[in-house]
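Asker: Before I ask anything, here is the structure I am working with.
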Amino acid sequence: MLDIKYIRQNIDLLTQKLQERGQPMDMEPFLTREEKRRLILKQVEDLRSQKNAVSREIGDRKKRGEDAATLMEEMAQVSAAIDRLETALKEVEEELAAIVMTIPNLPHESVVAGRDAQDNPVVRTWGEKPTFDFTPRPHWDLGEELEILDFPRGAKITGARFTLYRGMGARLERALINFMLDLHTAEHGYLEILPPFIVNRESMTATGQLPKFAADLFCLASTDYFLIPTAEVPVTNIHRGEILAEDQLTINYAAYSACFRSEAGSYGKDTRGLIRQHQFNKVELVKFARPEDSYDELEKLTTHAEEVLRRLNLHYRVVSLCTADLGFSAAKTYDLEVWLPAQGVYREISSCSNFGDFQARRAAIRFRRTKGGKVEFVHTLNGSGLAVGRTLVAILENYQQSDGSVLIPEVLRPYFGRGEVVAIRKPLPAIAERN
RNA sequence: GGAGAGAUGGCUGAGUGGCCGAAAGCGAUCGCCUGCUAAGCGAUUGUACGCCCCUAAAGGUGUACCGCGGGUUCGAAUCCCGCUCUCUCCGCCA
C-alpha cells in the first residue's frame, strides 16, 4: 500500500510509473474520494468537537442543579447528524481503501522500464552449463525410473499437480531443506522460524496477497483461514502492528514451509514434472531493515540465496526484473534462474525482493529511531533460499549419469547417513517390491 | 466441544457514567545536584488522521483510540449485546 498523501501529491509520477509497469490506472476515482473523505472528516470532527463541549456543559449544569433539557435536546440532534455523516465517511473510506489496496508498489529507480520478461537484464551468471556425452533426460523420466517421484499416485491421492515422493526422493528433499536451513542459520546469521502454514485474512492482506490475488490461494471452507502460498506471509506478519527498536534491525529470519498455490490461470503450463505444483516446499529468507539499508540488504539476501546454488555446483544466472515483470508488492526483484539441461532453459528457482515500506505500511510494522525518537516504517525484504522442489529438479537433471543414476552433490552427502550414499540408483527388483 | 475468570499506556496496576488519553509505581530520555559510585531533585515520556501555519521541519489546534465490532445515553475505559484472544477446570486428541 502506498501512502495516501504521497499519492495525492505525486499523482503524475504515479500515473507514469503505473504506465511503465504495464498497469495503467485512472486516478480520477481516487482523487474525488480522497477529497470527499477529507471534506466529510472535517465536518464530522467539528460536530464531535461541539458535542464534546456541550456535553461537558450539560454535566456542569446538572451538577449545579440547573436545567439542561434544551441543550440535551439540541445535542440529540447533533448526534443524529454525526451518525449520518459517519455512515457517509465510512462508505467513502471503504471505497478509497479498495482503490489504494489495488495500486501496486512503485518500482525502484534502478529498475529498468520494460515490456515483459524478455526485457529483464541479466545481472550475472555463475558456473557453466554441464556437458553430457548422452542426451540428458527430463527429471520426470528420471524420477519415475528411479522410483523416487510418483506422479500418477499423487494425482490419485489428491489430483493434478500433486506428487508423491518416495524413498531417496523424499530423503533428498529433506536433505535439501536441512542443508539450506543449516547454511542460512549457521553461516548467514538468520534465525530459524517454523511458522503456521495457515493464516488469517489480516495476514494475507498485510503482505499483499489479498484482496487482489484471492484466486491464487486455497481458502479453508467454513473458515476465514488460508493456506500460505509462501512462508513470507506468516514470517513477515510476525511483527505486524509492532514498533521495533532501531537497534533490533536488521532482523533476519529463515523459515522452511510447505507452500500452497491454487494458481488459477496456469492451466496448460508446465503440466509435466515438479515445476508447477499446488503444494511444494520452500526455505524462505525474510528481512526487516532500516530504509537506508534495505537495498544493501537486498544484495546480501540475493547472494545468500545464490550461495545455495554455488555449493550445490549448479549453473545459474541472476536477472533483475523489469518494470513490467515486477510483482505487485515489490519495488525491486532479482530472480535466480537455474540451468535445466534436459529442457535447455533457465528456470526461476528464487525470487529476492525489496518491498520498501509497501508491506510495512499495510502491516503497520514500524521502528523508532534511537536519535530523534521518530517512528518510521521499516522496509521488508524476502527471497527464496531456495524453492526446494525445483532444486531437486535441478539436481536430478544436472547430476544425471549415462546409466540413469543421479550423483548426490558433495555438500548433501552428510545428510544421507554415514556418507556411503553417493548416488541415487534404480532399485533392484527385490528392493523395489519390498518398498 | 462444555463451565468459569480475564484483556487498560514500554511494564506493573488503579479506575462502575461527565472533572479520564487515563492515578500511582517501575522503566526510559533530558537537565540539575553530589569531587567518583549509589542515592536525590526537576522536566519529558503513546499512535493515527484532519485543519491552521508553512519551502520543510518544528509548532498550534481538533478528532479518534483503554482487545475487536455494534448498542444505550446529551455524554461510555466504565452499562448492554456479539466476536476474538489469554488463563483455569472438564471432555476429545497427536
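Chains: A, B, ... in order of the C-alpha cells. Residues: from 1 per chain. Ligands: from 1, in order shown.
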Once DSSP has gone over the backbone, tell me which residues of region 66-273 of chain A are in strand (DSSP E), as a ChimeraX atom specification.
Answerer: /A:122-126,149-150,164-165,191-193,198-200,225-227,243-245,251-260
Asker: Please produce an output containing N, CA and C atoms for each residue in the selection, written as a JSON list (two decimals), in the first residue's frame.
Answerer:
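Heads up, here's the output in again-v3.json:
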[["chain", "number", "residue", "atom", "x", "y", "z"],
["A", 122, "VAL", "N", 20.18, -9.44, -17.54],
["A", 122, "VAL", "CA", 20.94, -10.44, -16.80],
["A", 122, "VAL", "C", 22.04, -9.73, -16.04],
["A", 123, "VAL", "N", 22.04, -9.88, -14.72],
["A", 123, "VAL", "CA", 23.00, -9.17, -13.87],
["A", 123, "VAL", "C", 24.33, -9.91, -13.82],
["A", 124, "ARG", "N", 24.28, -11.24, -13.69],
["A", 124, "ARG", "CA", 25.49, -12.05, -13.69],
["A", 124, "ARG", "C", 25.11, -13.50, -13.90],
["A", 125, "THR", "N", 26.11, -14.27, -14.30],
["A", 125, "THR", "CA", 25.91, -15.72, -14.39],
["A", 125, "THR", "C", 27.02, -16.39, -13.59],
["A", 126, "TRP", "N", 26.75, -17.57, -13.12],
["A", 126, "TRP", "CA", 27.74, -18.30, -12.32],
["A", 126, "TRP", "C", 27.84, -19.73, -12.84],
["A", 149, "LEU", "N", 9.89, -40.34, -7.61],
["A", 149, "LEU", "CA", 8.77, -39.42, -7.82],
["A", 149, "LEU", "C", 7.63, -40.21, -8.45],
["A", 150, "ASP", "N", 6.47, -40.16, -7.81],
["A", 150, "ASP", "CA", 5.31, -40.92, -8.29],
["A", 150, "ASP", "C", 4.19, -39.93, -8.62],
["A", 164, "LEU", "N", 3.82, -37.55, -5.18],
["A", 164, "LEU", "CA", 4.26, -38.39, -4.08],
["A", 164, "LEU", "C", 5.77, -38.61, -4.22],
["A", 165, "TYR", "N", 6.51, -38.26, -3.19],
["A", 165, "TYR", "CA", 7.95, -38.55, -3.15],
["A", 165, "TYR", "C", 8.14, -39.87, -2.42],
["A", 191, "LEU", "N", 17.81, -16.29, 11.90],
["A", 191, "LEU", "CA", 17.15, -17.03, 12.99],
["A", 191, "LEU", "C", 16.11, -17.96, 12.37],
["A", 192, "GLU", "N", 16.18, -19.23, 12.76],
["A", 192, "GLU", "CA", 15.25, -20.19, 12.17],
["A", 192, "GLU", "C", 13.85, -20.04, 12.76],
["A", 193, "ILE", "N", 12.86, -20.08, 11.86],
["A", 193, "ILE", "CA", 11.45, -19.93, 12.23],
["A", 193, "ILE", "C", 10.68, -21.10, 11.65],
["A", 198, "ILE", "N", -1.08, -22.00, 8.00],
["A", 198, "ILE", "CA", -2.43, -21.47, 7.74],
["A", 198, "ILE", "C", -2.49, -20.11, 8.41],
["A", 199, "VAL", "N", -3.00, -19.12, 7.69],
["A", 199, "VAL", "CA", -3.04, -17.77, 8.27],
["A", 199, "VAL", "C", -4.43, -17.16, 8.06],
["A", 200, "ASN", "N", -4.69, -16.07, 8.78],
["A", 200, "ASN", "CA", -5.99, -15.41, 8.65],
["A", 200, "ASN", "C", -5.94, -14.32, 7.56],
["A", 225, "TYR", "N", -9.69, -18.76, 7.02],
["A", 225, "TYR", "CA", -8.27, -19.09, 7.03],
["A", 225, "TYR", "C", -7.81, -19.52, 5.64],
["A", 226, "PHE", "N", -6.52, -19.27, 5.37],
["A", 226, "PHE", "CA", -5.96, -19.60, 4.06],
["A", 226, "PHE", "C", -4.67, -20.40, 4.23],
["A", 227, "LEU", "N", -4.42, -21.31, 3.27],
["A", 227, "LEU", "CA", -3.13, -21.99, 3.22],
["A", 227, "LEU", "C", -2.11, -21.00, 2.69],
["A", 243, "ILE", "N", 6.04, -1.74, 16.92],
["A", 243, "ILE", "CA", 7.04, -0.69, 16.75],
["A", 243, "ILE", "C", 8.35, -1.26, 17.29],
["A", 244, "LEU", "N", 9.30, -1.47, 16.41],
["A", 244, "LEU", "CA", 10.57, -2.10, 16.79],
["A", 244, "LEU", "C", 11.57, -1.03, 17.22],
["A", 245, "ALA", "N", 12.57, -1.45, 17.97],
["A", 245, "ALA", "CA", 13.66, -0.55, 18.34],
["A", 245, "ALA", "C", 14.68, -0.56, 17.21],
["A", 251, "ILE", "N", 16.59, -7.40, 11.15],
["A", 251, "ILE", "CA", 16.15, -8.70, 11.63],
["A", 251, "ILE", "C", 16.20, -9.68, 10.45],
["A", 252, "ASN", "N", 16.76, -10.86, 10.68],
["A", 252, "ASN", "CA", 16.90, -11.87, 9.62],
["A", 252, "ASN", "C", 16.25, -13.17, 10.05],
["A", 253, "TYR", "N", 15.26, -13.64, 9.30],
["A", 253, "TYR", "CA", 14.59, -14.89, 9.61],
["A", 253, "TYR", "C", 14.72, -15.85, 8.43],
["A", 254, "ALA", "N", 14.91, -17.12, 8.73],
["A", 254, "ALA", "CA", 14.88, -18.18, 7.71],
["A", 254, "ALA", "C", 13.83, -19.19, 8.12],
["A", 255, "ALA", "N", 12.94, -19.51, 7.21],
["A", 255, "ALA", "CA", 11.83, -20.41, 7.56],
["A", 255, "ALA", "C", 11.61, -21.44, 6.47],
["A", 256, "TYR", "N", 11.50, -22.70, 6.89],
["A", 256, "TYR", "CA", 11.00, -23.71, 5.97],
["A", 256, "TYR", "C", 9.49, -23.71, 6.05],
["A", 257, "SER", "N", 8.82, -23.88, 4.93],
["A", 257, "SER", "CA", 7.39, -24.18, 4.99],
["A", 257, "SER", "C", 6.98, -24.92, 3.73],
["A", 258, "ALA", "N", 5.89, -25.65, 3.85],
["A", 258, "ALA", "CA", 5.19, -26.09, 2.66],
["A", 258, "ALA", "C", 4.45, -24.87, 2.12],
["A", 259, "CYS", "N", 4.29, -24.80, 0.80],
["A", 259, "CYS", "CA", 3.61, -23.68, 0.17],
["A", 259, "CYS", "C", 2.48, -24.22, -0.70],
["A", 260, "PHE", "N", 1.36, -23.51, -0.69],
["A", 260, "PHE", "CA", 0.18, -23.99, -1.40],
["A", 260, "PHE", "C", -0.31, -22.92, -2.37]]
Asker: If the cut-off is 12 Å, can you tell me the residues of chain B near chain A, counting only C-alpha atoms (C1' of nucleotides)? I'd like them as a PyMOL selection string.
Answerer: chain B and resi 10+17-19+28-29+45-51+61-64+73-75
Asker: With N, CA and C atoms (P, O5', C5', C4', C3', O3' and C1' of nucleotides) retained, export the selected residues as a tab-separated table (two decimals), in the first residue's frame.
Answerer:
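Output saved as out-v4.tsv:
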chain	number	residue	atom	x	y	z
B	10	G	P	2.77	1.73	24.65
B	10	G	O5'	3.91	0.90	25.38
B	10	G	C5'	4.67	-0.06	24.62
B	10	G	C4'	5.73	-0.65	25.51
B	10	G	C3'	5.24	-1.22	26.82
B	10	G	O3'	4.75	-2.53	26.67
B	10	G	C1'	7.10	0.17	27.21
B	17	G	P	-20.62	5.04	38.47
B	17	G	O5'	-20.58	5.17	36.89
B	17	G	C5'	-19.47	5.44	36.09
B	17	G	C4'	-19.70	6.47	35.03
B	17	G	C3'	-20.15	7.85	35.50
B	17	G	O3'	-19.34	8.82	34.85
B	17	G	C1'	-21.42	7.21	33.65
B	18	G	P	-18.20	9.59	35.70
B	18	G	O5'	-17.97	10.88	34.79
B	18	G	C5'	-17.45	10.70	33.47
B	18	G	C4'	-17.50	12.01	32.72
B	18	G	C3'	-16.86	13.19	33.41
B	18	G	O3'	-16.16	13.93	32.42
B	18	G	C1'	-19.09	13.72	32.88
B	19	C	P	-14.65	13.73	32.24
B	19	C	O5'	-14.08	14.72	33.35
B	19	C	C5'	-13.47	15.93	33.00
B	19	C	C4'	-12.89	16.51	34.26
B	19	C	C3'	-12.12	15.52	35.12
B	19	C	O3'	-10.80	15.32	34.64
B	19	C	C1'	-13.56	16.77	36.48
B	28	A	P	16.14	2.66	33.24
B	28	A	O5'	15.64	3.43	31.94
B	28	A	C5'	15.62	2.78	30.67
B	28	A	C4'	15.02	3.68	29.63
B	28	A	C3'	15.68	5.05	29.52
B	28	A	O3'	16.83	5.01	28.71
B	28	A	C1'	13.32	5.29	29.61
B	29	U	P	18.06	5.98	29.06
B	29	U	O5'	17.55	7.38	28.49
B	29	U	C5'	17.30	7.55	27.09
B	29	U	C4'	16.69	8.90	26.84
B	29	U	C3'	17.42	10.08	27.45
B	29	U	O3'	18.53	10.49	26.65
B	29	U	C1'	15.12	10.28	27.92
B	45	U	P	5.05	14.88	27.84
B	45	U	O5'	5.51	13.38	27.57
B	45	U	C5'	6.30	13.06	26.43
B	45	U	C4'	6.86	11.66	26.56
B	45	U	C3'	5.82	10.58	26.77
B	45	U	O3'	5.29	10.16	25.53
B	45	U	C1'	7.67	10.23	28.21
B	46	G	P	3.96	10.71	24.93
B	46	G	O5'	3.75	9.68	23.75
B	46	G	C5'	4.67	8.59	23.63
B	46	G	C4'	3.92	7.42	23.06
B	46	G	C3'	3.37	7.67	21.66
B	46	G	O3'	4.37	7.44	20.69
B	46	G	C1'	1.68	6.75	23.01
B	47	U	P	4.41	8.33	19.39
B	47	U	O5'	3.24	7.70	18.52
B	47	U	C5'	3.30	6.33	18.15
B	47	U	C4'	1.99	5.89	17.57
B	47	U	C3'	1.44	6.75	16.45
B	47	U	O3'	2.05	6.49	15.21
B	47	U	C1'	-0.28	6.28	17.98
B	48	A	P	2.08	7.58	14.09
B	48	A	O5'	0.58	7.60	13.56
B	48	A	C5'	0.04	6.45	12.93
B	48	A	C4'	-1.43	6.63	12.68
B	48	A	C3'	-1.81	7.88	11.92
B	48	A	O3'	-1.64	7.72	10.52
B	48	A	C1'	-3.22	7.67	13.79
B	49	C	P	-1.25	8.97	9.64
B	49	C	O5'	-2.63	9.76	9.49
B	49	C	C5'	-3.73	9.16	8.84
B	49	C	C4'	-5.00	9.92	9.16
B	49	C	C3'	-5.01	11.40	8.82
B	49	C	O3'	-5.24	11.63	7.45
B	49	C	C1'	-5.87	11.10	10.99
B	50	G	P	-4.64	12.93	6.78
B	50	G	O5'	-5.57	14.09	7.35
B	50	G	C5'	-6.88	14.22	6.86
B	50	G	C4'	-7.63	15.26	7.64
B	50	G	C3'	-7.12	16.69	7.54
B	50	G	O3'	-7.49	17.30	6.32
B	50	G	C1'	-7.71	16.21	9.78
B	51	C	P	-6.54	18.36	5.66
B	51	C	O5'	-6.77	19.65	6.58
B	51	C	C5'	-8.04	20.28	6.60
B	51	C	C4'	-8.09	21.30	7.71
B	51	C	C3'	-7.01	22.37	7.66
B	51	C	O3'	-7.33	23.41	6.75
B	51	C	C1'	-7.15	21.52	9.85
B	61	U	P	-2.57	24.21	21.52
B	61	U	O5'	-3.80	23.87	20.57
B	61	U	C5'	-4.76	24.86	20.24
B	61	U	C4'	-5.64	24.40	19.11
B	61	U	C3'	-6.37	23.09	19.34
B	61	U	O3'	-7.52	23.23	20.16
B	61	U	C1'	-5.41	23.07	17.19
B	62	G	P	-8.00	22.01	21.08
B	62	G	O5'	-8.77	21.10	20.02
B	62	G	C5'	-9.95	21.56	19.42
B	62	G	C4'	-10.34	20.68	18.26
B	62	G	C3'	-10.59	19.22	18.61
B	62	G	O3'	-11.86	19.01	19.19
B	62	G	C1'	-9.28	19.35	16.65
B	63	U	P	-12.09	17.80	20.20
B	63	U	O5'	-12.07	16.56	19.20
B	63	U	C5'	-13.08	16.42	18.22
B	63	U	C4'	-12.79	15.23	17.33
B	63	U	C3'	-12.54	13.92	18.05
B	63	U	O3'	-13.75	13.31	18.47
B	63	U	C1'	-10.90	14.22	16.39
B	64	A	P	-13.74	12.37	19.77
B	64	A	O5'	-13.01	11.07	19.21
B	64	A	C5'	-13.59	10.31	18.16
B	64	A	C4'	-12.64	9.25	17.68
B	64	A	C3'	-12.09	8.33	18.75
B	64	A	O3'	-13.01	7.30	19.08
B	64	A	C1'	-10.32	9.06	17.36
B	73	U	P	-31.11	5.92	23.72
B	73	U	O5'	-30.19	6.81	24.67
B	73	U	C5'	-30.51	6.95	26.04
B	73	U	C4'	-29.42	7.71	26.74
B	73	U	C3'	-29.04	9.05	26.11
B	73	U	O3'	-29.95	10.08	26.47
B	73	U	C1'	-27.08	7.84	26.66
B	74	C	P	-30.42	11.11	25.37
B	74	C	O5'	-29.10	11.97	25.09
B	74	C	C5'	-29.05	12.88	23.99
B	74	C	C4'	-27.85	13.78	24.14
B	74	C	C3'	-26.54	13.08	24.45
B	74	C	O3'	-25.93	12.57	23.29
B	74	C	C1'	-26.81	14.89	25.93
B	75	G	P	-25.33	11.12	23.30
B	75	G	O5'	-24.13	11.25	24.34
B	75	G	C5'	-22.96	11.99	23.98
B	75	G	C4'	-22.03	12.09	25.14
B	75	G	C3'	-21.53	10.79	25.71
B	75	G	O3'	-20.45	10.26	24.95
B	75	G	C1'	-22.19	12.21	27.47
Asker: Excluding C90 (chain B) and its own-chain neighbours fewer than 3 positions away, which residues fall within 12 Å of it when counting only C-alpha atoms (C1' of nucleotides)? Please give them as a list in words.
Answerer: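 The contact residues come out as G1, G2, A3 and G4 of chain B.
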Asker: May I ask which of the residues A:Phe213, A:Phe197, A:Phe132, A:Tyr316 is the closest one to Tyr346 (chain A), counting only C-alpha atoms?
Answerer: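 Closest residue, counting only C-alpha atoms: A:Tyr316.
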Asker: One decimal, Å: what's the distance from CA of Asn120 (chain A) over to CA of Ser353 (chain A), could you say?
Answerer: 14.5 Å
Asker: Restricting the calculation to only C-alpha atoms, which member of A:Lys269, A:Arg311, A:His379, A:His278 is positioned closest to Ala360 (chain A)?
Answerer: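 Comparing A:Lys269, A:Arg311, A:His379, A:His278 against Ala360 (chain A), the winner is A:His379.
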Asker: Can you tell me how far C1' of A58 (chain B) sits from CA of Phe288 (chain A), in Å to one decimal?
Answerer: 29.6 Å
Asker: Quick one: DSSP helix (DSSP H, G or I) residues in region 61-268 of chain A, as a ChimeraX atom specification?
Answerer: /A:61-63,69-100,117-119,139-145,151-157,167-187,201-206,214-216,232-239,246-248
Asker: Using only C-alpha atoms (C1' of nucleotides), which protein or nucleic acid residues come within 6 Å of Met1 (chain A)? Drop anything in the same chain fewer than 2 positions from it, and give the result as number ranges by chain.
Answerer: A: 101, 358, 362
Asker: Could you give me, as an MDAnalysis selection string, the residues within 8 Å of region 82-88 of chain B, counting only C-alpha atoms (C1' of nucleotides) and dropping anything in the same chain fewer than 4 positions from it?
Answerer: chainID B and resid 4:7 67:70
Asker: Please produce a file of those selected residues containing N, CA and C atoms (P, O5', C5', C4', C3', O3' and C1' of nucleotides), as a PDB file, in the first residue's frame.
Answerer:
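What follows is the written file selection-v8.pdb:
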ATOM      1  P     G B   4     -20.547 -20.374  32.678  1.00  0.00           P
ATOM      2  O5'   G B   4     -19.232 -19.936  33.462  1.00  0.00           O
ATOM      3  C5'   G B   4     -19.247 -19.872  34.886  1.00  0.00           C
ATOM      4  C4'   G B   4     -17.846 -19.770  35.427  1.00  0.00           C
ATOM      5  C3'   G B   4     -17.117 -18.460  35.187  1.00  0.00           C
ATOM      6  O3'   G B   4     -17.529 -17.425  36.066  1.00  0.00           O
ATOM      7  C1'   G B   4     -15.657 -20.248  34.724  1.00  0.00           C
ATOM      8  P     A B   5     -17.393 -15.897  35.591  1.00  0.00           P
ATOM      9  O5'   A B   5     -15.826 -15.624  35.638  1.00  0.00           O
ATOM     10  C5'   A B   5     -15.147 -15.527  36.891  1.00  0.00           C
ATOM     11  C4'   A B   5     -13.668 -15.296  36.664  1.00  0.00           C
ATOM     12  C3'   A B   5     -13.309 -14.037  35.876  1.00  0.00           C
ATOM     13  O3'   A B   5     -13.310 -12.864  36.661  1.00  0.00           O
ATOM     14  C1'   A B   5     -12.103 -15.874  35.009  1.00  0.00           C
ATOM     15  P     G B   6     -13.703 -11.467  35.961  1.00  0.00           P
ATOM     16  O5'   G B   6     -12.505 -11.214  34.940  1.00  0.00           O
ATOM     17  C5'   G B   6     -11.295 -10.629  35.376  1.00  0.00           C
ATOM     18  C4'   G B   6     -10.188 -10.877  34.392  1.00  0.00           C
ATOM     19  C3'   G B   6     -10.035  -9.890  33.246  1.00  0.00           C
ATOM     20  O3'   G B   6      -9.369  -8.716  33.648  1.00  0.00           O
ATOM     21  C1'   G B   6      -9.803 -12.095  32.426  1.00  0.00           C
ATOM     22  P     A B   7      -9.634  -7.332  32.886  1.00  0.00           P
ATOM     23  O5'   A B   7      -8.751  -7.536  31.570  1.00  0.00           O
ATOM     24  C5'   A B   7      -7.337  -7.717  31.662  1.00  0.00           C
ATOM     25  C4'   A B   7      -6.747  -7.813  30.280  1.00  0.00           C
ATOM     26  C3'   A B   7      -6.850  -6.527  29.461  1.00  0.00           C
ATOM     27  O3'   A B   7      -5.668  -6.331  28.704  1.00  0.00           O
ATOM     28  C1'   A B   7      -7.947  -8.307  28.336  1.00  0.00           C
ATOM     29  P     G B  67      -9.636  -2.739  26.337  1.00  0.00           P
ATOM     30  O5'   G B  67      -9.205  -3.331  24.921  1.00  0.00           O
ATOM     31  C5'   G B  67      -7.824  -3.478  24.576  1.00  0.00           C
ATOM     32  C4'   G B  67      -7.711  -4.416  23.406  1.00  0.00           C
ATOM     33  C3'   G B  67      -8.747  -4.187  22.317  1.00  0.00           C
ATOM     34  O3'   G B  67      -8.320  -3.206  21.404  1.00  0.00           O
ATOM     35  C1'   G B  67      -8.708  -6.476  22.905  1.00  0.00           C
ATOM     36  P     C B  68      -9.396  -2.263  20.679  1.00  0.00           P
ATOM     37  O5'   C B  68     -10.154  -3.254  19.691  1.00  0.00           O
ATOM     38  C5'   C B  68      -9.539  -3.706  18.494  1.00  0.00           C
ATOM     39  C4'   C B  68     -10.515  -4.526  17.694  1.00  0.00           C
ATOM     40  C3'   C B  68     -11.847  -3.843  17.398  1.00  0.00           C
ATOM     41  O3'   C B  68     -11.775  -2.967  16.292  1.00  0.00           O
ATOM     42  C1'   C B  68     -12.263  -6.009  18.198  1.00  0.00           C
ATOM     43  P     G B  69     -12.777  -1.717  16.232  1.00  0.00           P
ATOM     44  O5'   G B  69     -14.199  -2.388  16.011  1.00  0.00           O
ATOM     45  C5'   G B  69     -14.484  -3.097  14.806  1.00  0.00           C
ATOM     46  C4'   G B  69     -15.872  -3.668  14.841  1.00  0.00           C
ATOM     47  C3'   G B  69     -16.979  -2.691  15.192  1.00  0.00           C
ATOM     48  O3'   G B  69     -17.333  -1.866  14.100  1.00  0.00           O
ATOM     49  C1'   G B  69     -17.297  -4.704  16.367  1.00  0.00           C
ATOM     50  P     G B  70     -18.298  -0.599  14.363  1.00  0.00           P
ATOM     51  O5'   G B  70     -19.700  -1.311  14.620  1.00  0.00           O
ATOM     52  C5'   G B  70     -20.748  -0.579  15.184  1.00  0.00           C
ATOM     53  C4'   G B  70     -21.853  -1.526  15.598  1.00  0.00           C
ATOM     54  C3'   G B  70     -22.884  -0.902  16.513  1.00  0.00           C
ATOM     55  O3'   G B  70     -23.853  -0.162  15.790  1.00  0.00           O
ATOM     56  C1'   G B  70     -22.153  -2.912  17.473  1.00  0.00           C
TER      57        G B  70
END
Asker: Kindly give the distance, in Å, that separates CA of Ala342 (chain A) and CA of Thr391 (chain A), rounded to a single decimal.
Answerer: 14.4 Å
